[in-house]
There are 2 protein chains.
Amino acid sequence: MAAPTGKAPSSVWTRPERPRREQPTLGREQIVDAALALLDADGLAGLSMRRLGTRLNAGATSVYWHVANKDELLELAMDRVMSEVAVPDAAEAGGWRPAVAGYARSLRAMIRRHPWTVTLFGSRPMIGPNATRVMDEVLTAFRHAGFTGHDLEYAWALVVDYVIGAAGSEASRAAHQRGVTTDERIASMGTYLRRIDAERPRLAEHIRAVWAKEDDQVLEGRFAFGLECLLDGLETRR
Amino acid sequence: MAAPTGKAPSSVWTRPERPRREQPTLGREQIVDAALALLDADGLAGLSMRRLGTRLNAGATSVYWHVANKDELLELAMDRVMSEVAVPDAAEAGGWRPAVAGYARSLRAMIRRHPWTVTLFGSRPMIGPNATRVMDEVLTAFRHAGFTGHDLEYAWALVVDYVIGAAGSEASRAAHQRGVTTDERIASMGTYLRRIDAERPRLAEHIRAVWAKEDDQVLEGRFAFGLECLLDGLETRR
DNA sequence: CTCCCTCTCGTACAGCGTTCGAGCCGATTC
DNA sequence: GAATCGGCTCGAACGCTGTACGAGAGGGAG
């Protein structure tokens, strides 16, 4: 994987795609397509350059002509999924608040569709065309609210950090529940939960009560609660 | 060095003079110690079972007697660093709000000391003794505020999700700035930033203005802003 | 003494990301 | 037509990873 050296990183976006000759050869587009398919199916661990090659009916290392790194490939994949994030126009949506809320929901939905993005957010500066488009639109929404200068950056960071944190915790928790019922999960804690019972009875009670009905509806409510809290806090500061 | 091959008569010279029993054998404690040292020094990529073994003056695979997996080792490491997180008592700190704020700051500080935790949060259910201790204390703080049932869970999730998201984005951004000045970083974007200049001038302006002075002080202010926003929002709902 | 349990570690295996260089093929140039 | 070139593919190899396995050392117990 990437070696975090001290040199200035050269990003995919700074280098033009190699000019293509015909159709039947591979290009960045289909490579990213195939990578996305593997990522969505089996997560980050499901994407290896060899598997990607065979999926493309190509040699294992042919991809390296079109993409320098696996890291670069992941950058491309990240920007691709960012194209799914929509930011409502503040004027049409009826103010900055619906616009920002719509963005937050859209971003969360995207992360839930592509849980592998969680690990990758911020692993590199996201400056791809779609990421910049989203950022630009969100910033204009916040400017509609009256934020400027540092407060503008602070407000944006607050929303995006929360959404990534919340959607991330949902996604990774979902990954561990796949094919396991809540009862089984509680049962698998077995003696350990019983020890918590003894040492921290109120916590154990809470765990049982909350985990027992942690379905999609509750998660939806959880996110809505957090988002509204956060927007209320922003409202008083604009 | 003589290598003992086959069934050569066992001579003093063919074998090291004392088969190394200097340490009372390794235990989980020192294994986690060494793992933490590697993780803090070189991040997640810096921890390999072989490096860990040599660091412990042990064979590469000796660790597997004490720990089943690398995953388990990381779970132990995660719980160890959770011991650094402190939750002020609500009564002593002067209310739920200072208590929760203190917890948030302590968690963020821990993540900044151990940036490799970012990827690991939520990658497995955190039910180690220290994690449960922290969760218990935080829940009692929120109960002091009057939260119960679902709102209790929602409030807790809001804070922890935000802190992890914010500290995570800080940590990963810091990892990419290591040894690179902001000027170099902006310069490395080169023509690409100029394209953003052309297509999204307000965004480019914002990027230059914000990235230019993204020092620790600004990050501190950013976190404080978000945290206060969020606590304000919680205040109206308790 | 032998037996057994705890613990160490060399070896091996499959898989990873990536480099290198050989080679194919269509287009251009002589 | 022949030679050359550049875009592109790909097999082989390198060094690394996590982990399974089994041989064996050390010390206590019978």
# chains A, B, ... in the order shown; residues from 1 in each chain; ligands from 1

call {"tool": "calpha_fit_rmsd", "arguments": {"fixed": "chain A", "moving": "chain B"}}
result
10.3 Å

call {"tool": "interface_residues", "arguments": {"of": "chain D", "to": "chain A", "cutoff": "10 Å", "atoms": "only C-alpha atoms (C1' of nucleotides)", "output": "list in words"}}
result
DG7, DC8, DT9, DC10 and DG11 of chain D

call {"tool": "residues_around", "arguments": {"residues": "Val134 in chain A", "least_positions_apart": "5", "cutoff": "9 Å", "atoms": "only C-alpha atoms (C1' of nucleotides)", "output": "PyMOL selection string"}}
result
chain A and resi 82-83+85-87+103+129+139

call {"tool": "interface_residues", "arguments": {"of": "chain A", "to": "chain B", "cutoff": "8 Å", "atoms": "only C-alpha atoms", "output": "MDAnalysis selection string"}}
result
chainID A and resid 4 6:11 13:14 119 121:125 132 135:136 139 150 153:155 157:158 161:166 168:169 172:173 176 200 202:203 210 222 225:226 228:234

call {"tool": "atom_distance", "arguments": {"atom1": "CA of Ala93 in chain A", "atom2": "CA of Leu107 in chain A"}}
result
16.9 Å

call {"tool": "select_by_dssp", "arguments": {"residues": "range 69-230 of chain A", "states": "alpha helix (DSSP H)", "output": "ChimeraX atom specification"}}
result
/A:70-82,90-93,96-113,117-120,129-145,149-177,182-199,201-212,216-230

call {"tool": "interface_residues", "arguments": {"of": "chain C", "to": "chain A", "cutoff": "9 Å", "atoms": "only C-alpha atoms (C1' of nucleotides)", "output": "list in words"}}
result
DC16, DG17 and DT18 of chain C

call {"tool": "write_last_selection", "arguments": {"atoms": "C-alpha atoms (C1' of nucleotides)", "output": "tab-separated table (two decimals), in the first residue's frame"}}
result
chain	number	residue	atom	x	y	z
C	16	DC	C1'	-0.39	-9.19	-1.59
C	17	DG	C1'	1.43	-4.60	-4.30
C	18	DT	C1'	4.64	-3.51	-7.40
